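Novice: Provided herewith is a single structure, encoded as C-alpha cells, for subsequent inquiry.
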Amino acid sequence: YSAALVTATAPSLPSPVRVNATTSTFANVTIGWSYPTHTNGLDLDSVVVRRREASGTSEYVQVFQGSPQTVLFVDTSVAPATTYQYSVHAVNEMGQSTFDPVSVTTLADVPSAPSDFRVASISSSNVTVNWKQSISNGASISGYTVEIRRMSPRSDFFTGCTTTTDVTR
C-alpha cells in the first residue's frame, strides 16, 4: 500500500499591509496602501485603520474598517499641525496582520480673525484701536495688517502692519 503525502500550511495571519501613500492638509489625512501580498490560506474579511497622536503615549484607536478591496482612507477627524501615527491591518479569521506605523503631520491652518476689535481712544490727531489676539491654529502669528480709512471726506486706506495687538494712527 502506498499513499501520497500532502503537506499543507495551516492558515495564519495575512501578511502586513504596505502603506504606499500619505498626504495631508490642515483638515484631513489620506492614507493609501497595497493589498497584502499573502493572505496565508484564508480570504480577507476586512481592512482596519488605527490612529494615535505621536506626541503622547496614547493607544491606537480604530478610525476605519472597510472591505478587503479598500485601498484608500481619508481621515477628516484630525487637528491642524498635529503628528499622527497610523497602522493599517488586513484581517482574516485568524486575526489582524502586523504593521509598521506611518507618521503623518497635518498642516497648520490660517489663524482665526482677531476678536474684540475696538477703538481705544480718539483725539484730534490720533485713533488707537486694539483687539484680542487671534488663535494661531498651529503656526505662529507673525503680525497683523490694519487698514484705516477716513469715511468723510472719503480717502484712501491707510495700511499698517504690527506685531502687537494695537495700533495708533
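In the C-alpha cells, chains take the letters A, B, ... in the order shown, each chain's residues start at 1, and ligands count up from 1 in the order shown.
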Region 105-121 of chain A: which residues within 10 Å, counting only C-alpha atoms, same-chain residues fewer than 4 positions away excluded, as a VMD selection string?
Specialist: chain A and resid 22 to 29 53 to 54 78 to 85 126 to 141 144 165 to 168
Novice: Quick one: write out the picked residues with N, CA and C atoms as a compact mmCIF listing (two decimals), in the first residue's frame?
Specialist:
```txt
# COMPACT_ATOMS: atom_id res chain seq x y z
N THR A 22 0.78 58.78 1.56
CA THR A 22 0.15 59.59 2.60
C THR A 22 0.20 61.04 2.16
N THR A 23 -0.88 61.74 2.35
CA THR A 23 -0.92 63.18 2.11
C THR A 23 -1.73 63.81 3.23
N SER A 24 -1.53 65.10 3.44
CA SER A 24 -2.30 65.77 4.49
C SER A 24 -2.53 67.22 4.14
N THR A 25 -3.59 67.75 4.74
CA THR A 25 -3.87 69.18 4.73
C THR A 25 -4.06 69.54 6.20
N PHE A 26 -4.56 70.73 6.49
CA PHE A 26 -4.85 71.07 7.87
C PHE A 26 -6.09 70.33 8.37
N ALA A 27 -6.93 69.83 7.46
CA ALA A 27 -8.22 69.26 7.85
C ALA A 27 -8.35 67.76 7.62
N ASN A 28 -7.40 67.12 6.92
CA ASN A 28 -7.53 65.69 6.69
C ASN A 28 -6.20 65.04 6.38
N VAL A 29 -6.19 63.71 6.52
CA VAL A 29 -5.04 62.88 6.17
C VAL A 29 -5.56 61.77 5.25
N GLU A 53 -2.09 59.89 18.38
CA GLU A 53 -1.22 61.07 18.31
C GLU A 53 0.19 60.63 18.64
N ALA A 54 1.14 61.09 17.85
CA ALA A 54 2.53 60.68 18.02
C ALA A 54 3.18 61.34 19.23
N VAL A 78 -9.05 65.06 12.17
CA VAL A 78 -7.71 65.43 12.63
C VAL A 78 -7.67 66.92 12.98
N ALA A 79 -6.65 67.31 13.72
CA ALA A 79 -6.44 68.71 14.11
C ALA A 79 -5.27 69.28 13.32
N PRO A 80 -5.26 70.60 13.09
CA PRO A 80 -4.13 71.22 12.37
C PRO A 80 -2.82 71.07 13.15
N ALA A 81 -1.72 70.99 12.41
CA ALA A 81 -0.36 70.99 12.96
C ALA A 81 -0.16 69.92 14.04
N THR A 82 -0.64 68.72 13.75
CA THR A 82 -0.53 67.61 14.69
C THR A 82 0.07 66.41 13.98
N THR A 83 0.96 65.69 14.66
CA THR A 83 1.56 64.49 14.08
C THR A 83 0.81 63.27 14.60
N TYR A 84 0.40 62.42 13.67
CA TYR A 84 -0.31 61.19 13.99
C TYR A 84 0.49 59.99 13.50
N GLN A 85 0.29 58.86 14.15
CA GLN A 85 0.80 57.59 13.66
C GLN A 85 -0.39 56.75 13.25
N ASN A 126 -5.08 111.44 16.45
CA ASN A 126 -4.82 110.00 16.54
C ASN A 126 -6.07 109.20 16.84
N VAL A 127 -6.05 107.99 16.34
CA VAL A 127 -7.04 106.98 16.72
C VAL A 127 -6.24 105.75 17.14
N THR A 128 -6.55 105.21 18.30
CA THR A 128 -5.91 103.98 18.75
C THR A 128 -6.96 102.88 18.78
N VAL A 129 -6.64 101.78 18.10
CA VAL A 129 -7.52 100.61 18.09
C VAL A 129 -6.76 99.43 18.70
N ASN A 130 -7.50 98.54 19.33
CA ASN A 130 -6.88 97.33 19.83
C ASN A 130 -7.84 96.17 19.70
N TRP A 131 -7.34 94.95 19.91
CA TRP A 131 -8.10 93.73 19.71
C TRP A 131 -7.46 92.60 20.49
N LYS A 132 -8.20 91.50 20.60
CA LYS A 132 -7.66 90.30 21.24
C LYS A 132 -6.94 89.46 20.19
N GLN A 133 -5.87 88.85 20.63
CA GLN A 133 -5.03 88.06 19.73
C GLN A 133 -5.80 86.93 19.06
N SER A 134 -5.43 86.63 17.84
CA SER A 134 -6.02 85.53 17.08
C SER A 134 -5.57 84.19 17.65
N ILE A 135 -6.32 83.14 17.35
CA ILE A 135 -5.90 81.77 17.65
C ILE A 135 -5.03 81.31 16.50
N SER A 136 -3.86 80.79 16.80
CA SER A 136 -2.86 80.53 15.76
C SER A 136 -3.16 79.33 14.87
N ASN A 137 -3.88 78.33 15.34
CA ASN A 137 -4.18 77.12 14.56
C ASN A 137 -2.94 76.41 14.04
N GLY A 138 -1.91 76.38 14.86
CA GLY A 138 -0.74 75.57 14.53
C GLY A 138 0.48 76.27 14.03
N ALA A 139 0.41 77.53 13.71
CA ALA A 139 1.59 78.27 13.24
C ALA A 139 1.66 79.58 14.02
N SER A 140 2.87 80.09 14.20
CA SER A 140 2.99 81.35 14.94
C SER A 140 2.45 82.50 14.10
N ILE A 141 1.90 83.48 14.78
CA ILE A 141 1.36 84.67 14.12
C ILE A 141 2.49 85.68 14.01
N TYR A 144 -0.08 91.52 12.22
CA TYR A 144 -1.45 91.87 11.84
C TYR A 144 -1.38 93.00 10.82
N THR A 165 -1.00 93.88 19.48
CA THR A 165 -2.46 93.86 19.33
C THR A 165 -3.08 95.25 19.47
N ASP A 166 -2.31 96.28 19.07
CA ASP A 166 -2.88 97.62 19.00
C ASP A 166 -2.10 98.45 17.99
N VAL A 167 -2.73 99.49 17.48
CA VAL A 167 -2.08 100.38 16.53
C VAL A 167 -2.64 101.78 16.72
N THR A 168 -1.77 102.78 16.58
CA THR A 168 -2.20 104.18 16.66
C THR A 168 -1.89 104.84 15.35
```
Novice: Neighbouring residues of Val48 (chain A) were defined as those with any atom within 7 Å, considering only C-alpha atoms; residues of the same chain fewer than 2 positions away were excluded. Please report them as number ranges by chain.
Specialist: A: 46, 50, 64-66, 88-90
Novice: Would you pick out the contacts of region 92-99 of chain A at 9 Å or less, using only C-alpha atoms, so that residues sharing its chain but fewer than 6 positions from it are not included, and give the list as an MDAnalysis selection string?
Specialist: chainID A and resid 11:18 39 42:48
Novice: Emit the selected residues as a PDB file, in the first residue's frame, including C-alpha atoms.
Specialist:
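After the write, again00.pdb holds the following:
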```pdb
ATOM      1  CA  PRO A  11      -3.899  29.140   7.751  1.00  0.00           C
ATOM      2  CA  SER A  12      -2.355  32.093   9.527  1.00  0.00           C
ATOM      3  CA  LEU A  13      -2.456  35.866   9.747  1.00  0.00           C
ATOM      4  CA  PRO A  14      -2.268  37.747   6.458  1.00  0.00           C
ATOM      5  CA  SER A  15       0.993  39.417   5.519  1.00  0.00           C
ATOM      6  CA  PRO A  16       1.425  43.057   6.594  1.00  0.00           C
ATOM      7  CA  VAL A  17      -0.214  45.778   4.537  1.00  0.00           C
ATOM      8  CA  ARG A  18       2.274  48.119   2.853  1.00  0.00           C
ATOM      9  CA  THR A  39      -3.485  36.074   2.657  1.00  0.00           C
ATOM     10  CA  LEU A  42      -7.751  32.443   4.124  1.00  0.00           C
ATOM     11  CA  ASP A  43      -9.883  35.085   2.486  1.00  0.00           C
ATOM     12  CA  LEU A  44      -9.559  38.549   3.945  1.00  0.00           C
ATOM     13  CA  ASP A  45     -12.526  39.779   5.955  1.00  0.00           C
ATOM     14  CA  SER A  46     -11.694  43.483   6.156  1.00  0.00           C
ATOM     15  CA  VAL A  47      -9.084  46.202   6.384  1.00  0.00           C
ATOM     16  CA  VAL A  48      -8.712  48.218   9.606  1.00  0.00           C
TER      17      VAL A  48
END
```
Novice: Find the residues around Ala21 (chain A) up to 10 Å (only C-alpha atoms counted), leave out those fewer than 6 positions away in its own chain, and share them as a compact mmCIF listing (two decimals) with C-alpha atoms, in the first residue's frame.
Specialist:
```txt
# COMPACT_ATOMS: atom_id res chain seq x y z
CA THR A 30 -5.21 60.47 3.22
CA ILE A 31 -3.66 57.03 3.63
CA GLY A 32 -3.24 54.64 0.68
CA TRP A 33 -1.99 51.04 0.79
CA SER A 34 -1.40 47.94 -1.29
CA LEU A 72 -7.62 54.32 0.49
CA VAL A 102 3.38 55.51 9.42
```
Novice: By how many Å are CA of Asn40 (chain A) and CA of Ser87 (chain A) apart?
Specialist: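 So the answer is 20.0 Å.
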Novice: Could you tell me which of A:Tyr86, A:Tyr35, A:Tyr60, A:Phe73 comes closest to Pro101 (chain A) if we count only C-alpha atoms?
Specialist: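 Once distances to Pro101 (chain A) are computed over only C-alpha atoms, the minimum belongs to A:Tyr86.
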Novice: When DSSP works through the backbone of this structure, what residues of region 48-161 of chain A end up as strand (DSSP E), shown as a ChimeraX atom specification?
Specialist: /A:48-53,61-66,72-75,83-92,95-96,102-105,115-122,127-132,144-148,158-161
Novice: Select, from A:His38, A:Val63, A:Val71, A:Val49, the residue with the minimum atom-to-atom distance to Asn20 (chain A), counting only C-alpha atoms.
Specialist: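 Closest candidate: A:Val71.
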Novice: When you count only C-alpha atoms, which of these residues is closest to Arg52 (chain A): A:Thr76, A:Ser67, A:Ser103, A:Thr37?
Specialist: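 Counting only C-alpha atoms, the residue closest to Arg52 (chain A) is A:Ser103.
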Novice: Interatomic distance between CA of Thr145 (chain A) and CA of Ser125 (chain A)?
Specialist: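 Those two atoms sit 20.8 Å apart.
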Novice: CA of Val74 (chain A) and CA of Glu59 (chain A), how far apart in Å?
Specialist: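 Straight-line distance from CA of Glu59 (chain A) to CA of Val74 (chain A) works out to 20.1 Å.
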